[in-house]
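Participant: Got a file for you: run_27.cif, mmCIF, C-alpha atoms.
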```cif
data_run
#
loop_
_atom_site.label_atom_id
_atom_site.label_comp_id
_atom_site.auth_asym_id
_atom_site.auth_seq_id
_atom_site.Cartn_x
_atom_site.Cartn_y
_atom_site.Cartn_z
CA GLU A 999 166.41 92.73 91.49
CA THR A 1000 167.58 89.19 92.12
CA GLY A 1001 169.94 89.87 95.02
CA VAL A 1002 172.87 88.39 93.10
CA THR A 1003 175.76 90.83 92.98
CA GLN A 1004 178.86 90.62 90.85
CA SER A 1005 182.10 92.58 90.97
CA PRO A 1006 183.65 94.29 89.23
CA THR A 1007 181.13 95.44 86.62
CA HIS A 1008 183.81 96.12 84.02
CA LEU A 1009 187.39 94.97 83.67
CA ILE A 1010 190.12 95.44 81.09
CA LYS A 1011 193.05 93.02 80.95
CA THR A 1012 195.80 92.19 78.50
CA ARG A 1013 196.44 88.84 76.89
CA GLY A 1014 198.27 86.41 79.16
CA GLN A 1015 197.12 87.99 82.40
CA GLN A 1016 194.97 86.35 85.06
CA VAL A 1017 191.60 87.61 86.31
CA THR A 1018 189.30 86.90 89.27
CA LEU A 1019 185.60 87.67 89.14
CA ARG A 1020 183.40 87.61 92.23
CA CYS A 1021 179.78 86.76 92.93
CA SER A 1022 177.59 87.01 96.01
CA SER A 1023 174.59 84.76 95.79
CA GLN A 1024 171.05 85.53 96.83
CA SER A 1025 170.32 85.01 100.50
CA GLY A 1026 169.27 81.41 101.18
CA HIS A 1027 170.74 80.02 97.96
CA ASN A 1028 173.33 77.23 98.11
CA THR A 1029 174.39 76.82 94.48
CA VAL A 1030 176.27 79.08 92.07
CA SER A 1031 176.61 78.70 88.31
CA TRP A 1032 178.85 80.68 85.96
CA TYR A 1033 178.14 81.50 82.34
CA GLN A 1034 180.08 83.21 79.55
CA GLN A 1035 178.11 85.33 77.09
CA ALA A 1036 179.91 86.53 73.97
CA LEU A 1037 178.49 89.53 72.14
CA GLY A 1038 175.29 88.63 70.29
CA GLN A 1039 175.23 85.08 71.62
CA GLY A 1040 173.37 83.15 74.27
CA PRO A 1041 175.12 82.41 77.58
CA GLN A 1042 177.29 79.29 77.72
CA PHE A 1043 177.60 77.21 80.86
CA ILE A 1044 181.08 77.21 82.40
CA PHE A 1045 180.54 75.30 85.65
CA GLN A 1046 178.45 75.05 88.79
CA TYR A 1047 179.38 74.87 92.47
CA TYR A 1048 177.31 73.17 95.13
CA ARG A 1049 178.46 72.76 98.72
CA GLU A 1050 181.86 74.19 97.80
CA GLU A 1051 182.55 71.55 95.14
CA GLU A 1052 182.41 71.73 91.36
CA ASN A 1053 179.21 70.01 90.29
CA GLY A 1054 179.11 70.00 86.51
CA ARG A 1055 181.30 71.66 83.91
CA GLY A 1056 180.77 72.85 80.37
CA ASN A 1057 183.20 72.78 77.47
CA PHE A 1058 185.78 75.16 78.90
CA PRO A 1059 189.52 74.52 79.36
CA PRO A 1060 191.13 74.01 82.79
CA ARG A 1061 192.41 77.58 82.86
CA PHE A 1062 188.84 78.43 83.86
CA SER A 1063 188.53 77.52 87.52
CA GLY A 1064 186.36 78.47 90.42
CA LEU A 1065 185.72 78.42 94.13
CA GLN A 1066 182.69 78.48 96.35
CA PHE A 1067 183.03 79.68 99.92
CA PRO A 1068 181.15 78.58 103.06
CA ASN A 1069 178.87 81.62 102.75
CA TYR A 1070 178.03 80.37 99.20
CA SER A 1071 179.72 83.29 97.47
CA SER A 1072 181.92 82.33 94.54
CA GLU A 1073 184.90 83.29 92.41
CA LEU A 1074 185.68 82.60 88.78
CA ASN A 1075 189.37 82.60 87.89
CA VAL A 1076 190.70 82.69 84.36
CA ASN A 1077 194.43 82.20 83.74
CA ALA A 1078 196.45 83.02 80.62
CA LEU A 1079 193.76 85.26 79.18
CA GLU A 1080 193.10 85.09 75.45
CA LEU A 1081 191.41 87.64 73.22
CA ASP A 1082 188.41 85.30 72.82
CA ASP A 1083 187.82 85.43 76.56
CA SER A 1084 186.34 88.90 76.06
CA ALA A 1085 182.71 88.50 77.09
CA LEU A 1086 180.06 89.16 79.70
CA TYR A 1087 180.46 86.74 82.60
CA LEU A 1088 177.25 85.98 84.39
CA CYS A 1089 176.84 84.43 87.79
CA ALA A 1090 173.58 82.76 88.81
CA SER A 1091 172.52 81.48 92.19
CA SER A 1092 169.86 78.95 93.03
CA LEU A 1093 168.50 76.80 95.83
CA ARG A 1094 169.03 73.09 95.33
CA GLN A 1095 166.67 71.05 97.46
CA GLY A 1096 166.77 67.74 95.65
CA PRO A 1097 167.20 66.12 92.24
CA THR A 1098 165.50 68.84 90.27
CA ASN A 1099 166.36 71.60 87.90
CA GLU A 1100 166.17 74.73 89.93
CA LYS A 1101 165.41 78.24 88.75
CA LEU A 1102 168.50 80.35 88.30
CA PHE A 1103 168.66 83.97 89.42
CA PHE A 1104 171.29 85.95 87.55
CA GLY A 1105 173.45 88.91 88.42
CA SER A 1106 174.14 91.77 86.00
CA GLY A 1107 177.48 90.34 85.01
CA THR A 1108 181.10 91.42 84.66
CA GLN A 1109 182.09 92.73 81.25
CA LEU A 1110 185.65 91.53 80.58
CA SER A 1111 187.70 92.99 77.76
CA VAL A 1112 191.00 91.35 76.84
CA LEU A 1113 193.35 93.50 74.75
CA ALA B 1479 173.02 66.35 72.00
CA GLN B 1480 170.84 69.11 73.32
CA LYS B 1481 170.15 72.20 71.29
CA VAL B 1482 167.87 75.25 71.32
CA THR B 1483 167.09 77.22 68.20
CA GLN B 1484 165.57 80.68 68.14
CA ALA B 1485 165.28 81.39 64.45
CA GLN B 1486 164.18 85.00 64.86
CA THR B 1487 167.26 87.14 65.48
CA GLU B 1488 165.42 90.45 65.64
CA ILE B 1489 161.76 91.44 65.76
CA SER B 1490 160.40 94.96 65.61
CA VAL B 1491 156.79 95.79 66.45
CA VAL B 1492 154.75 98.84 67.24
CA GLU B 1493 153.36 99.26 70.73
CA LYS B 1494 150.10 97.33 71.41
CA GLU B 1495 150.83 94.73 68.76
CA ASP B 1496 150.96 91.08 69.76
CA VAL B 1497 154.25 89.30 69.13
CA THR B 1498 155.30 85.64 69.29
CA LEU B 1499 158.86 84.51 69.87
CA ASP B 1500 159.64 81.05 68.57
CA CYS B 1501 161.74 78.38 70.28
CA VAL B 1502 162.51 74.90 69.00
CA TYR B 1503 164.54 72.45 71.04
CA GLU B 1504 166.27 69.09 70.61
CA THR B 1505 166.90 66.57 73.35
CA ARG B 1506 166.93 62.80 73.82
CA ASP B 1507 165.96 63.08 77.47
CA THR B 1508 162.42 62.08 78.38
CA THR B 1509 162.49 64.41 81.36
CA TYR B 1510 163.70 67.93 80.74
CA TYR B 1511 162.94 71.53 81.60
CA LEU B 1512 162.37 74.55 79.42
CA PHE B 1513 162.89 78.16 80.43
CA TRP B 1514 162.45 81.66 79.11
CA TYR B 1515 164.62 84.53 80.29
CA LYS B 1516 164.53 88.25 79.48
CA GLN B 1517 167.75 90.25 79.20
CA PRO B 1518 167.27 94.03 79.31
CA PRO B 1519 170.17 96.37 78.44
CA SER B 1520 171.37 96.18 82.07
CA GLY B 1521 172.56 92.65 81.31
CA GLU B 1522 170.82 90.77 84.09
CA LEU B 1523 168.86 87.74 82.92
CA VAL B 1524 165.36 87.86 84.36
CA PHE B 1525 163.56 84.55 84.90
CA LEU B 1526 160.14 84.38 83.21
CA ILE B 1527 159.02 80.75 83.28
CA ARG B 1528 160.11 77.15 83.87
CA ARG B 1529 158.16 74.23 82.40
CA ASN B 1530 158.88 70.52 82.80
CA SER B 1531 158.41 68.08 79.95
CA PHE B 1532 155.41 66.38 81.55
CA ASP B 1533 153.38 69.53 81.82
CA GLU B 1534 152.05 70.54 78.42
CA GLN B 1535 149.44 72.93 79.72
CA ASN B 1536 149.74 76.37 78.25
CA GLU B 1537 150.36 79.10 80.75
CA ILE B 1538 149.27 82.71 80.91
CA SER B 1539 150.74 85.34 83.19
CA GLY B 1540 149.31 88.78 82.56
CA ARG B 1541 150.27 89.81 79.03
CA TYR B 1542 152.63 86.83 78.70
CA SER B 1543 151.62 83.38 77.51
CA TRP B 1544 153.53 80.25 76.60
CA ASN B 1545 152.61 77.45 74.22
CA PHE B 1546 154.42 74.14 74.81
CA GLN B 1547 154.01 71.46 72.14
CA LYS B 1548 156.06 68.28 72.58
CA SER B 1549 154.91 66.97 69.21
CA THR B 1550 156.78 69.76 67.45
CA SER B 1551 159.45 70.30 70.16
CA SER B 1552 158.45 73.92 70.47
CA PHE B 1553 158.00 76.27 73.40
CA ASN B 1554 156.80 79.59 72.00
CA PHE B 1555 156.30 82.81 73.92
CA THR B 1556 153.64 85.40 73.13
CA ILE B 1557 153.43 88.94 74.43
CA THR B 1558 149.99 90.46 74.05
CA ALA B 1559 149.58 94.22 73.63
CA SER B 1560 153.33 94.82 73.66
CA GLN B 1561 154.80 97.80 75.49
CA VAL B 1562 158.04 99.74 75.07
CA VAL B 1563 159.30 98.24 78.36
CA ASP B 1564 159.14 94.79 76.73
CA SER B 1565 162.10 95.76 74.53
CA ALA B 1566 164.91 93.34 75.42
CA VAL B 1567 166.65 90.18 74.28
CA TYR B 1568 164.68 87.06 75.10
CA PHE B 1569 166.32 83.68 75.56
CA CYS B 1570 164.82 80.24 75.50
CA ALA B 1571 166.79 77.57 77.39
CA LEU B 1572 166.75 73.82 77.96
CA SER B 1573 167.99 71.72 80.86
CA GLY B 1574 168.22 67.94 80.99
CA ASN B 1575 167.01 65.95 83.97
CA ASN B 1576 169.14 66.43 87.09
CA GLN B 1577 171.34 68.86 85.21
CA GLY B 1578 170.94 71.40 87.96
CA GLY B 1579 172.18 74.78 86.84
CA LYS B 1580 173.34 73.74 83.38
CA LEU B 1581 171.12 75.48 80.86
CA ILE B 1582 171.52 75.29 77.11
CA PHE B 1583 170.52 78.68 75.74
CA GLY B 1584 169.36 79.64 72.29
CA GLN B 1585 170.92 82.57 70.43
CA GLY B 1586 168.25 84.94 71.65
CA THR B 1587 165.65 87.12 69.94
CA GLU B 1588 166.04 90.87 70.20
CA LEU B 1589 162.61 92.45 70.51
CA SER B 1590 162.20 96.13 69.80
CA VAL B 1591 158.85 97.71 70.66
CA LYS B 1592 158.43 101.16 69.18
CA PRO B 1593 155.97 103.74 70.52
#
```
Re-express the file's structure as structure tokens.

Facilitator:
Amino acid sequence: ETGVTQSPTHLIKTRGQQVTLRCSSQSGHNTVSWYQQALGQGPQFIFQYYREEENGRGNFPPRFSGLQFPNYSSELNVNALELDDSALYLCASSLRQGPTNEKLFFGSGTQLSVL
Amino acid sequence: AQKVTQAQTEISVVEKEDVTLDCVYETRDTTYYLFWYKQPPSGELVFLIRRNSFDEQNEISGRYSWNFQKSTSSFNFTITASQVVDSAVYFCALSGNNQGGKLIFGQGTELSVKP
């Protein structure tokens, strides 16, 4: 187990609604990354938070937003849900100690279904 | 642009067979990092290895081995004497220099090991 926990594990929403997904990072880690994994595909990078600020973003619209808290936990918010937002959302934590590409430790994800 | 290609969508082997999972990558960066992750049915991505572009030494860890060849932009993964517990989806990923938690994943290879 990586020590990264995500909640909830499953969620069903309807189109147009808003959703908040939560992630607790592994003890000692200071960085959180979020990924979207559609069925049968590899994960796609949404964004990363370091020291409570967004630090890199993938090709996702502004209705995908996030927060990182002082305890390094994080939230992913998605507004105006669309059917294509149905996916597994993975959170990964890591320890950034300098200009390097750290190992990511992933949680088990939140399976979001948009009807 | 950065890209990772895992041409094998599905592989099925019988227990104790050796199996190699292929990974080909594209990047213009001179410094980059390559990763392999395992995703069992539980959904959590499990870190297997990280390799930087300046280290072309092959690596062996138990039944796992990795062959990194910059000349062919490949980073292949071999499981020796496969076991049923190796059944999972395996992802190869690429990260550019100082890209932190932004990984570019391939489509994944689903490995099925039958008893």

Participant: Evaluate the PyMOL selection byres ((chain B and resi 1573) around 7) and record the selected residues as number ranges by chain, following the chain and residue labels used in the document.

Facilitator: B: 1510-1512, 1571-1572, 1574-1575, 1577, 1580-1582

Participant: For the file shown, report as a PyMOL selection string the outcome of the PyMOL selection byres ((chain B) within 12 of (chain A)) at residue level.

Facilitator: chain B and resi 1481-1484+1487-1488+1509-1531+1567-1588

Participant: To one decimal place, how far is CA of Ser1005 (chain A) from CA of Glu1052 (chain A) in Å?

Facilitator: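 Pair CA of Ser1005 (chain A) / CA of Glu1052 (chain A) returns 20.9 Å.
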
Participant: For the atom pair CA of Ser1565 (chain B) and CA of Leu1110 (chain A), what is the interatomic distance in Å to one decimal place?

Facilitator: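 A separation of 24.7 Å between them.
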
Participant: The PyMOL selection byres ((chain B and resi 1479) around 8) - which residues does that actually catch in the file I just gave you? List them as a ChimeraX atom specification.

Facilitator: /B:1480-1481,1504-1506

Participant: Filtering to C-alpha atoms, could you give me those residues as a tab-separated table (two decimals), in the coordinates of the input?

Facilitator:
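selection.tsv written:
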```
chain	number	residue	atom	x	y	z
B	1480	GLN	CA	170.84	69.11	73.32
B	1481	LYS	CA	170.15	72.20	71.29
B	1504	GLU	CA	166.27	69.09	70.61
B	1505	THR	CA	166.90	66.57	73.35
B	1506	ARG	CA	166.93	62.80	73.82
```

Participant: I'd like the contact shell of Arg1020 (chain A) - 6 Å cut-off, only C-alpha atoms, skipping same-chain residues fewer than 3 positions apart - returned as a short mmCIF file (atom, residue, chain, number, x, y, z; two decimals) with C-alpha atoms, in the frame of the given file.

Facilitator:
```cif
data_model
loop_
_atom_site.label_atom_id
_atom_site.label_comp_id
_atom_site.auth_asym_id
_atom_site.auth_seq_id
_atom_site.Cartn_x
_atom_site.Cartn_y
_atom_site.Cartn_z
CA GLN A 1004 178.86 90.62 90.85
CA SER A 1005 182.10 92.58 90.97
CA SER A 1072 181.92 82.33 94.54
CA GLU A 1073 184.90 83.29 92.41
#
```

Participant: In Å to one decimal, how far is CA of Ala1078 (chain A) from CA of Val1017 (chain A)?

Facilitator: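 These atoms are spaced 8.8 Å apart.
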
Participant: If we count all atoms listed in the file and set the cut-off at 12 Å, which residues sit around Arg1013 (chain A), ignoring sequence neighbours fewer than 3 positions away in its own chain? Please answer as a list of chain:residue names.

Facilitator: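 So the residues in contact are A:Ile1010, A:Gln1016, A:Val1017, A:Val1076, A:Asn1077, A:Ala1078, A:Leu1079, A:Glu1080, A:Leu1081, A:Asp1082, A:Asp1083, A:Ser1084, A:Leu1110, A:Ser1111, A:Val1112, A:Leu1113.
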